[in-house]
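J.: Before I ask anything, here is the structure I am working with.
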Amino acid sequence: MGVNAKAPRAVVSLVVIGLVLGLALAGCASATAKHAHAKQAGATHASAATDPAATAATTSTSRPLPSGFLGISMQYKAFEPYAGTNPKAVNPAFLNLIRAIAPNQSPVLRFGGDSTDWTWWPVPGMKKPGGIQYTLTPAWLQVAHAMDTALNSRLILGINLEAGSVKLASTEANALVKGIGKQSIAGLEIGNEPELYSSFNWFTKNGVGVKGRPKATWTEAAFFKQFKQFANAMPAGIPIAGPASGSATYLAQLGSFLKGEPRVKLSTFHAYPLKHCTPGKVVTMSQLLSPAASSGFAQAQAQYVTAAHKYGKLAQLDEMNGITCGGYGGVSNAFGSALWVLDTLFELDKVGVNGVNIQTVPGGVQEIFGPVAGDGGSMVVHPEFYGLMMFAQAAPAGSRLFTIPATVPSSVRLWATRATDGTVHVVLINDSFSKATTVKLPLSSPDGPGTLETLRAPHVSATSGVTIGGRTFGAATTNGLLGPYQLQQVTASGGSYSVRVPPATAIMLTVPGSASSSTTTSASSSATMAP
């Protein structure tokens with residue numbers, strides 16, 4: 001099963017070169033108020049296929065989709081704005097939105113990110129360190145425990161490493177475990193992007209920046225040694241997560257790190273396909289919807305998945321979104337991000353990632369949903385969230401990717417899954433901004449007609465007006481629920497379904513029960529574009 005697995009603080013250079021894909025994830029530094037840090041690697045883009053059509057290629061993956069595969073990542077200080085402050089009345093909109101992306105599952109939620117190393121639980125007799133910006137309280141724990149009870153969730157909890165105090169870290173860990181319950185903790189994640197501790201100020205004293213670690217001595221080896229010291233001080237019987245890195249140089253040693261850390265059960269890493277960390281940097285929707293930002297991006301993570309699995313660890317991409325350094329207006333918050341994340345989640349499943357946490361920050365352009373200020377618990381839902389919802393519907397826990405030998409244009413992504421009850425879902429994503437296409441899918445079902453659900457918006461750059469199955473959350477939602485689906489029935493003709501996909505739209509065909517295809521390969525392969 002899955003982990004059943006940072007918010008704007010630094011993500012560093014992640015340079016990974018894929019063979020034919022030519023994907024390079026490069027680091028960048030952001031200048032944010034009070035604490036400037038880089039947000040994860042960006043990508044240079046391989047050109048899309050130029051052939052007008054290509055036959056879906058057979059690729060294989062043997063495992064069913066882990067339960068709790070899709071979750072979110074948030075800062076400690078963001079939790080109460082999302083969930084509220086009353087443990088007897090956790091915000092129902094927040095709870096239901098989480099359920100919508102992990103239906104009938106135990107969702108995996110990550111707390112920490114940037115705030116991992118800015119947060120503490122007060123230590124008796126210890127003065128609050130200079131880099132601490134947020135204090136955990138009994139009230140915070142009560143709300144977290146109530147949320148966990150309502151969702152039956154699994155939590156990844158960041159533990160402060162940058163303060164350099166084992167006593168501080170163990171005090172914080174023990175408070176979290178006692179307050180939430182050890183059975184609910186997927187992992188205590190020690191530190192957040194430690195590669196940046198010697199590059200960016202942890203705090204400022206008398207106008208002078210103070211680094212978390214001295215540059216001359218803070219190396220990968222020094223981090224590994226300190227991580228072990230902190231891991232040994234964590235509460236007994238609780239899984240440890242790490243290294244929580246986005247650095248190519250750190251992750252190049254992931255295998256040796258995991259080999260030497262038997263308590264680490266969850267190998268965590270961070271990645272974004274595009275970067276926006278310097279003034280004047282322009283990021284376009286075409287870049288986000290290019291193959292390099294989805295298939296190329298996923299292939300770049302495969303080496304970390306392989307390293308984790310070699311040593312018996314789960315591979316958790318526990319901080320991901322489309323664009324580093326807080327995102328880019330007009331792209332991160334637009335409908336194209338829903339099409340991107342829908343495609344990319346399938347790609348990550350294909351390479352064997354055990355779980356993904358989508359990064360969200362209240363009020364940012366890369367927020368997937370967030371509280372409406374002064375509106376008593378109402379939540380605004382942004383376009384990207386709708387893509388998460390369609391993925392959750394198309395890929396329920398236990399489902400497997402399989403191959404459909406359909407011919408699709410180069411602008412269309414095709415994914416097919418078979419659920420444990422035999423139900424088949426086929427998702428067609430049309431990345432073209434202007435051209436509709438019709439795809440013939442060689443499937444049939446003796447159990448009745450199929451249905452079509454459409455994910456659409458007025459245009460690819462729309463920031464509102466998004467619908468899924470004819471439903472929308474509108475400007476804000478008070479309960480996080482949608483009305484009844486508006487689905488179109490469709491029947492097979494001549495042993496295939498004909499599905500028209502408008503431009504910048506995703507459509508999911510659902511075929512019930514004993515759906516079959518005479519030319520389908522083993523039920524563990526995905527249909528993707530041939531080069």
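Lettering and numbering for the structure tokens are positional, with chains as A, B, ... in the shown order, residues counted from 1 in each chain, and ligands counted from 1 in the shown order.
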Do a neighbour search on Val331 in chain A at 7 Å with only C-alpha atoms, toss out local chain neighbours closer than 4 positions, and write the hits as a PyMOL selection string.

T.: chain A and resi 284-285+336-337+461

J.: Got a sec: who's within 9 Å of Met390 in chain A, counting only C-alpha atoms, leaving out chain neighbours fewer than 3 positions off, as an MDAnalysis selection string?

T.: chainID A and resid 101 342 385:387 393:395 427 453 455 468 506 508

J.: Could you pull out all residues of range 77-278 of chain A with a DSSP call of strand (DSSP E or B) and give them as a ChimeraX atom specification?

T.: /A:108-112,119-120,134-135,154-159,185-190,201-205,208-211,240-245,264-271,274

J.: Pick the closest to Met389 in chain A from A:Leu289, A:Leu339, A:Val426, A:Ile159: which is it, counting only C-alpha atoms?

T.: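 Among the listed residues, A:Leu339 lies closest to Met389 in chain A.
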
J.: Using DSSP assignments from the backbone, pull out every residue in range 179-369 of chain A that falls under helix (DSSP H, G or I) and give it to me as a VMD selection string.

T.: chain A and resid 179 to 180 182 to 184 194 to 196 220 to 232 248 to 251 254 to 259 285 to 288 291 to 293 295 to 310 336 to 350

J.: Go ahead and dump the residues you just picked, C-alpha atoms, as an mmCIF file, in the first residue's frame.

T.:
```
data_model
loop_
_atom_site.group_PDB
_atom_site.id
_atom_site.type_symbol
_atom_site.label_atom_id
_atom_site.label_comp_id
_atom_site.auth_asym_id
_atom_site.auth_seq_id
_atom_site.Cartn_x
_atom_site.Cartn_y
_atom_site.Cartn_z
ATOM 1 C CA GLY A 179 -0.973 14.452 20.524
ATOM 2 C CA ILE A 180 -1.935 12.785 17.231
ATOM 3 C CA LYS A 182 1.523 6.895 16.620
ATOM 4 C CA GLN A 183 -0.841 4.789 14.510
ATOM 5 C CA SER A 184 -1.566 7.818 12.312
ATOM 6 C CA PRO A 194 18.985 20.460 4.063
ATOM 7 C CA GLU A 195 21.108 21.202 1.013
ATOM 8 C CA LEU A 196 20.087 24.854 1.469
ATOM 9 C CA GLU A 220 26.316 15.630 2.147
ATOM 10 C CA ALA A 221 28.414 13.527 4.529
ATOM 11 C CA ALA A 222 27.849 16.005 7.361
ATOM 12 C CA PHE A 223 24.102 15.924 6.724
ATOM 13 C CA PHE A 224 23.993 12.121 6.637
ATOM 14 C CA LYS A 225 25.862 11.951 9.952
ATOM 15 C CA GLN A 226 23.586 14.486 11.623
ATOM 16 C CA PHE A 227 20.451 12.879 10.200
ATOM 17 C CA LYS A 228 21.426 9.562 11.813
ATOM 18 C CA GLN A 229 21.982 11.286 15.149
ATOM 19 C CA PHE A 230 18.515 12.866 14.988
ATOM 20 C CA ALA A 231 16.855 9.683 13.733
ATOM 21 C CA ASN A 232 18.231 7.761 16.703
ATOM 22 C CA ALA A 248 20.749 16.333 -7.503
ATOM 23 C CA THR A 249 23.998 16.003 -5.552
ATOM 24 C CA TYR A 250 22.245 14.824 -2.395
ATOM 25 C CA LEU A 251 19.889 12.501 -4.244
ATOM 26 C CA LEU A 254 20.210 8.338 -2.068
ATOM 27 C CA GLY A 255 21.082 4.649 -2.203
ATOM 28 C CA SER A 256 23.946 4.900 0.262
ATOM 29 C CA PHE A 257 21.863 7.167 2.501
ATOM 30 C CA LEU A 258 18.989 4.673 2.623
ATOM 31 C CA LYS A 259 21.307 1.704 3.085
ATOM 32 C CA MET A 285 1.251 27.297 -20.621
ATOM 33 C CA SER A 286 2.824 25.599 -23.617
ATOM 34 C CA GLN A 287 5.840 24.724 -21.486
ATOM 35 C CA LEU A 288 3.675 23.305 -18.712
ATOM 36 C CA PRO A 291 5.913 16.249 -22.738
ATOM 37 C CA ALA A 292 9.072 17.350 -20.898
ATOM 38 C CA ALA A 293 6.967 18.656 -18.007
ATOM 39 C CA SER A 295 6.553 12.264 -19.095
ATOM 40 C CA GLY A 296 10.078 13.691 -19.067
ATOM 41 C CA PHE A 297 9.614 14.950 -15.547
ATOM 42 C CA ALA A 298 8.400 11.561 -14.323
ATOM 43 C CA GLN A 299 11.248 9.719 -16.010
ATOM 44 C CA ALA A 300 13.692 11.991 -14.213
ATOM 45 C CA GLN A 301 12.310 10.753 -10.879
ATOM 46 C CA ALA A 302 12.582 7.078 -11.804
ATOM 47 C CA GLN A 303 16.165 6.757 -10.566
ATOM 48 C CA TYR A 304 15.081 7.820 -7.065
ATOM 49 C CA VAL A 305 12.214 5.359 -7.115
ATOM 50 C CA THR A 306 14.634 2.591 -8.109
ATOM 51 C CA ALA A 307 17.031 3.503 -5.285
ATOM 52 C CA ALA A 308 14.234 3.526 -2.710
ATOM 53 C CA HIS A 309 12.796 0.198 -3.783
ATOM 54 C CA LYS A 310 16.232 -1.428 -3.899
ATOM 55 C CA GLY A 336 -4.041 24.121 -18.096
ATOM 56 C CA SER A 337 -2.583 23.155 -14.706
ATOM 57 C CA ALA A 338 -5.475 20.702 -14.271
ATOM 58 C CA LEU A 339 -4.610 18.985 -17.561
ATOM 59 C CA TRP A 340 -0.916 18.944 -16.613
ATOM 60 C CA VAL A 341 -1.390 17.411 -13.165
ATOM 61 C CA LEU A 342 -3.849 14.806 -14.459
ATOM 62 C CA ASP A 343 -1.328 13.572 -17.042
ATOM 63 C CA THR A 344 1.677 13.821 -14.702
ATOM 64 C CA LEU A 345 0.093 11.763 -11.932
ATOM 65 C CA PHE A 346 -0.419 8.897 -14.367
ATOM 66 C CA GLU A 347 3.206 9.253 -15.487
ATOM 67 C CA LEU A 348 4.427 9.082 -11.885
ATOM 68 C CA ASP A 349 2.313 6.013 -11.237
ATOM 69 C CA LYS A 350 3.867 4.411 -14.317
#
```

J.: One decimal, in Å: what's the spacing between CA of Trp140 in chain A and CA of Glu384 in chain A?

T.: 27.9 Å

J.: Check which residues of range 99-135 of chain A sit at most 10 Å from range 77-90 of chain A using only C-alpha atoms, and return one row each with the closest pair of atoms and their distance in Å to one decimal, ordered by chain and rising number, as JSON lines.

T.:
```
{"residue": "A:Phe111", "atom": "CA", "partner": "A:Phe79", "partner_atom": "CA", "distance": 8.1}
{"residue": "A:Gly112", "atom": "CA", "partner": "A:Lys77", "partner_atom": "CA", "distance": 8.7}
{"residue": "A:Ser115", "atom": "CA", "partner": "A:Lys77", "partner_atom": "CA", "distance": 7.3}
{"residue": "A:Thr116", "atom": "CA", "partner": "A:Lys77", "partner_atom": "CA", "distance": 9.9}
{"residue": "A:Trp118", "atom": "CA", "partner": "A:Lys77", "partner_atom": "CA", "distance": 9.8}
{"residue": "A:Thr119", "atom": "CA", "partner": "A:Lys77", "partner_atom": "CA", "distance": 8.7}
{"residue": "A:Gln133", "atom": "CA", "partner": "A:Lys77", "partner_atom": "CA", "distance": 9.3}
{"residue": "A:Tyr134", "atom": "CA", "partner": "A:Lys77", "partner_atom": "CA", "distance": 6.8}
{"residue": "A:Thr135", "atom": "CA", "partner": "A:Lys77", "partner_atom": "CA", "distance": 8.7}
```

J.: Please produce an output containing N, CA, C and O atoms for each residue in the selection, written as an mmCIF file, in the first residue's frame.

T.:
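result.cif, freshly written:
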```
data_model
loop_
_atom_site.group_PDB
_atom_site.id
_atom_site.type_symbol
_atom_site.label_atom_id
_atom_site.label_comp_id
_atom_site.auth_asym_id
_atom_site.auth_seq_id
_atom_site.Cartn_x
_atom_site.Cartn_y
_atom_site.Cartn_z
ATOM 1 N N PHE A 111 2.791 17.640 6.563
ATOM 2 C CA PHE A 111 2.903 18.923 7.257
ATOM 3 C C PHE A 111 4.375 19.252 7.445
ATOM 4 O O PHE A 111 5.150 18.428 7.932
ATOM 5 N N GLY A 112 4.745 20.433 7.060
ATOM 6 C CA GLY A 112 6.133 20.854 7.250
ATOM 7 C C GLY A 112 6.590 21.762 6.146
ATOM 8 O O GLY A 112 6.380 22.967 6.185
ATOM 9 N N SER A 115 8.163 25.269 6.614
ATOM 10 C CA SER A 115 7.926 25.498 8.038
ATOM 11 C C SER A 115 8.514 24.405 8.924
ATOM 12 O O SER A 115 8.540 24.563 10.149
ATOM 13 N N THR A 116 8.988 23.305 8.351
ATOM 14 C CA THR A 116 9.634 22.267 9.169
ATOM 15 C C THR A 116 10.727 22.864 10.040
ATOM 16 O O THR A 116 10.807 22.593 11.250
ATOM 17 N N TRP A 118 11.225 26.060 10.689
ATOM 18 C CA TRP A 118 10.836 27.321 11.330
ATOM 19 C C TRP A 118 9.938 27.068 12.534
ATOM 20 O O TRP A 118 9.449 28.003 13.162
ATOM 21 N N THR A 119 9.676 25.799 12.835
ATOM 22 C CA THR A 119 8.660 25.440 13.830
ATOM 23 C C THR A 119 9.294 24.683 14.987
ATOM 24 O O THR A 119 10.279 23.965 14.813
ATOM 25 N N GLN A 133 9.773 30.633 13.721
ATOM 26 C CA GLN A 133 8.714 31.587 13.398
ATOM 27 C C GLN A 133 7.332 31.103 13.835
ATOM 28 O O GLN A 133 6.374 31.871 13.838
ATOM 29 N N TYR A 134 7.230 29.823 14.170
ATOM 30 C CA TYR A 134 5.909 29.270 14.468
ATOM 31 C C TYR A 134 6.029 28.279 15.625
ATOM 32 O O TYR A 134 6.946 27.456 15.653
ATOM 33 N N THR A 135 5.092 28.370 16.561
ATOM 34 C CA THR A 135 5.092 27.506 17.728
ATOM 35 C C THR A 135 3.878 26.591 17.704
ATOM 36 O O THR A 135 2.735 27.058 17.618
#
```

J.: For CA of Ser245 in chain A and CA of Asn354 in chain A, quote the distance in Å rounded to one decimal.

T.: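 We find that CA of Ser245 in chain A and CA of Asn354 in chain A lie 16.7 Å from each other.
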
J.: Fewer than 5 positions away in the same chain doesn't count, so skip those; otherwise give me all residues within 7 Å of range 488-503 of chain A, counting only C-alpha atoms, as a PyMOL selection string.

T.: chain A and resi 430-444+449-453

J.: Mind writing the picked residues with N, CA and C atoms as a short mmCIF file (atom, residue, chain, number, x, y, z; two decimals), in the first residue's frame?

T.:
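Dumped everything to part.cif:
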```cif
data_model
loop_
_atom_site.label_atom_id
_atom_site.label_comp_id
_atom_site.auth_asym_id
_atom_site.auth_seq_id
_atom_site.Cartn_x
_atom_site.Cartn_y
_atom_site.Cartn_z
N ASN A 430 -6.57 16.28 -24.19
CA ASN A 430 -6.21 16.99 -25.42
C ASN A 430 -5.49 18.28 -25.05
N ASP A 431 -4.18 18.30 -25.26
CA ASP A 431 -3.38 19.48 -24.92
C ASP A 431 -3.43 20.57 -25.98
N SER A 432 -4.00 20.28 -27.13
CA SER A 432 -4.10 21.30 -28.18
C SER A 432 -4.99 22.44 -27.71
N PHE A 433 -4.58 23.65 -27.99
CA PHE A 433 -5.36 24.81 -27.59
C PHE A 433 -6.51 25.10 -28.55
N SER A 434 -6.49 24.50 -29.75
CA SER A 434 -7.47 24.90 -30.76
C SER A 434 -8.09 23.77 -31.56
N LYS A 435 -7.55 22.55 -31.49
CA LYS A 435 -8.00 21.49 -32.38
C LYS A 435 -8.65 20.35 -31.62
N ALA A 436 -9.91 20.04 -31.98
CA ALA A 436 -10.58 18.88 -31.42
C ALA A 436 -10.10 17.62 -32.13
N THR A 437 -10.32 16.49 -31.50
CA THR A 437 -9.93 15.21 -32.11
C THR A 437 -10.92 14.15 -31.70
N THR A 438 -11.05 13.12 -32.52
CA THR A 438 -11.91 11.98 -32.20
C THR A 438 -11.04 10.73 -32.14
N VAL A 439 -11.19 9.97 -31.06
CA VAL A 439 -10.39 8.77 -30.83
C VAL A 439 -11.31 7.56 -30.77
N LYS A 440 -10.92 6.52 -31.47
CA LYS A 440 -11.66 5.25 -31.41
C LYS A 440 -10.95 4.33 -30.43
N LEU A 441 -11.70 3.85 -29.45
CA LEU A 441 -11.14 3.01 -28.38
C LEU A 441 -11.69 1.60 -28.52
N PRO A 442 -10.84 0.61 -28.80
CA PRO A 442 -11.28 -0.76 -29.01
C PRO A 442 -11.65 -1.46 -27.70
N LEU A 443 -12.82 -1.12 -27.19
CA LEU A 443 -13.36 -1.70 -25.98
C LEU A 443 -14.82 -2.03 -26.22
N SER A 444 -15.33 -3.01 -25.50
CA SER A 444 -16.75 -3.30 -25.54
C SER A 444 -17.17 -3.79 -24.18
N PRO A 449 -24.06 0.33 -21.44
CA PRO A 449 -23.31 1.41 -22.08
C PRO A 449 -22.27 2.01 -21.16
N GLY A 450 -21.31 2.68 -21.77
CA GLY A 450 -20.34 3.43 -21.00
C GLY A 450 -20.84 4.84 -20.74
N THR A 451 -20.07 5.59 -19.97
CA THR A 451 -20.41 7.00 -19.71
C THR A 451 -19.19 7.86 -19.98
N LEU A 452 -19.45 9.10 -20.32
CA LEU A 452 -18.40 10.09 -20.55
C LEU A 452 -18.51 11.20 -19.52
N GLU A 453 -17.38 11.53 -18.90
CA GLU A 453 -17.31 12.68 -17.98
C GLU A 453 -16.30 13.65 -18.54
#
```

J.: Interatomic distance between CA of Met147 in chain A and CA of Asp117 in chain A?

T.: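 CA of Asp117 in chain A lies at a distance of 23.3 Å from CA of Met147 in chain A.
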
J.: Would you kindly return, as a PyMOL selection string, each protein, DNA or RNA residue with an atom no farther than 10 Å from any atom of Leu188 in chain A, considering only C-alpha atoms and excluding same-chain residues fewer than 4 positions away?

T.: chain A and resi 110-111+155-159+173+176-177+231+234-235+238-242+264-266

J.: Any chance you can output those residues with N, CA and C atoms as a short mmCIF file (atom, residue, chain, number, x, y, z; two decimals), in the first residue's frame?

T.:
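The file below, selection_2.cif, is the result:
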```
data_model
loop_
_atom_site.label_atom_id
_atom_site.label_comp_id
_atom_site.auth_asym_id
_atom_site.auth_seq_id
_atom_site.Cartn_x
_atom_site.Cartn_y
_atom_site.Cartn_z
N ARG A 110 0.96 15.77 4.26
CA ARG A 110 2.29 16.14 4.73
C ARG A 110 2.25 17.53 5.37
N PHE A 111 2.79 17.64 6.56
CA PHE A 111 2.90 18.92 7.26
C PHE A 111 4.37 19.25 7.45
N LEU A 155 -0.11 10.68 8.27
CA LEU A 155 0.56 11.98 8.26
C LEU A 155 2.07 11.84 8.17
N ILE A 156 2.66 12.69 7.33
CA ILE A 156 4.11 12.91 7.31
C ILE A 156 4.35 14.22 8.03
N LEU A 157 5.13 14.18 9.11
CA LEU A 157 5.29 15.34 9.98
C LEU A 157 6.75 15.79 9.98
N GLY A 158 6.99 17.03 9.58
CA GLY A 158 8.33 17.57 9.54
C GLY A 158 8.88 17.80 10.94
N ILE A 159 10.16 17.46 11.14
CA ILE A 159 10.84 17.65 12.43
C ILE A 159 12.03 18.57 12.19
N ALA A 173 9.03 15.93 18.31
CA ALA A 173 8.54 14.65 17.82
C ALA A 173 7.65 13.95 18.84
N LEU A 176 4.22 15.61 19.02
CA LEU A 176 3.38 15.28 17.87
C LEU A 176 2.85 13.86 17.96
N VAL A 177 3.72 12.93 18.33
CA VAL A 177 3.29 11.53 18.42
C VAL A 177 2.24 11.36 19.52
N ALA A 231 17.74 10.83 13.90
CA ALA A 231 16.86 9.68 13.73
C ALA A 231 16.90 8.78 14.96
N MET A 234 14.53 9.87 17.74
CA MET A 234 13.08 9.91 17.52
C MET A 234 12.38 8.84 18.34
N PRO A 235 11.10 9.04 18.63
CA PRO A 235 10.35 8.06 19.44
C PRO A 235 10.43 6.66 18.84
N ILE A 238 8.35 4.51 15.51
CA ILE A 238 7.75 5.43 14.55
C ILE A 238 8.61 5.47 13.30
N PRO A 239 8.04 5.30 12.11
CA PRO A 239 8.83 5.35 10.88
C PRO A 239 9.47 6.72 10.69
N ILE A 240 10.66 6.73 10.11
CA ILE A 240 11.36 7.97 9.80
C ILE A 240 11.30 8.20 8.29
N ALA A 241 11.18 9.46 7.89
CA ALA A 241 11.14 9.83 6.47
C ALA A 241 12.32 10.75 6.17
N GLY A 242 12.85 10.64 4.96
CA GLY A 242 13.95 11.49 4.54
C GLY A 242 14.50 11.01 3.20
N VAL A 264 14.60 4.60 8.35
CA VAL A 264 13.89 5.32 7.29
C VAL A 264 13.05 4.32 6.51
N LYS A 265 11.76 4.46 6.58
CA LYS A 265 10.85 3.60 5.84
C LYS A 265 10.29 4.31 4.61
N LEU A 266 10.39 5.63 4.63
CA LEU A 266 9.80 6.45 3.58
C LEU A 266 10.89 7.33 2.97
#
```
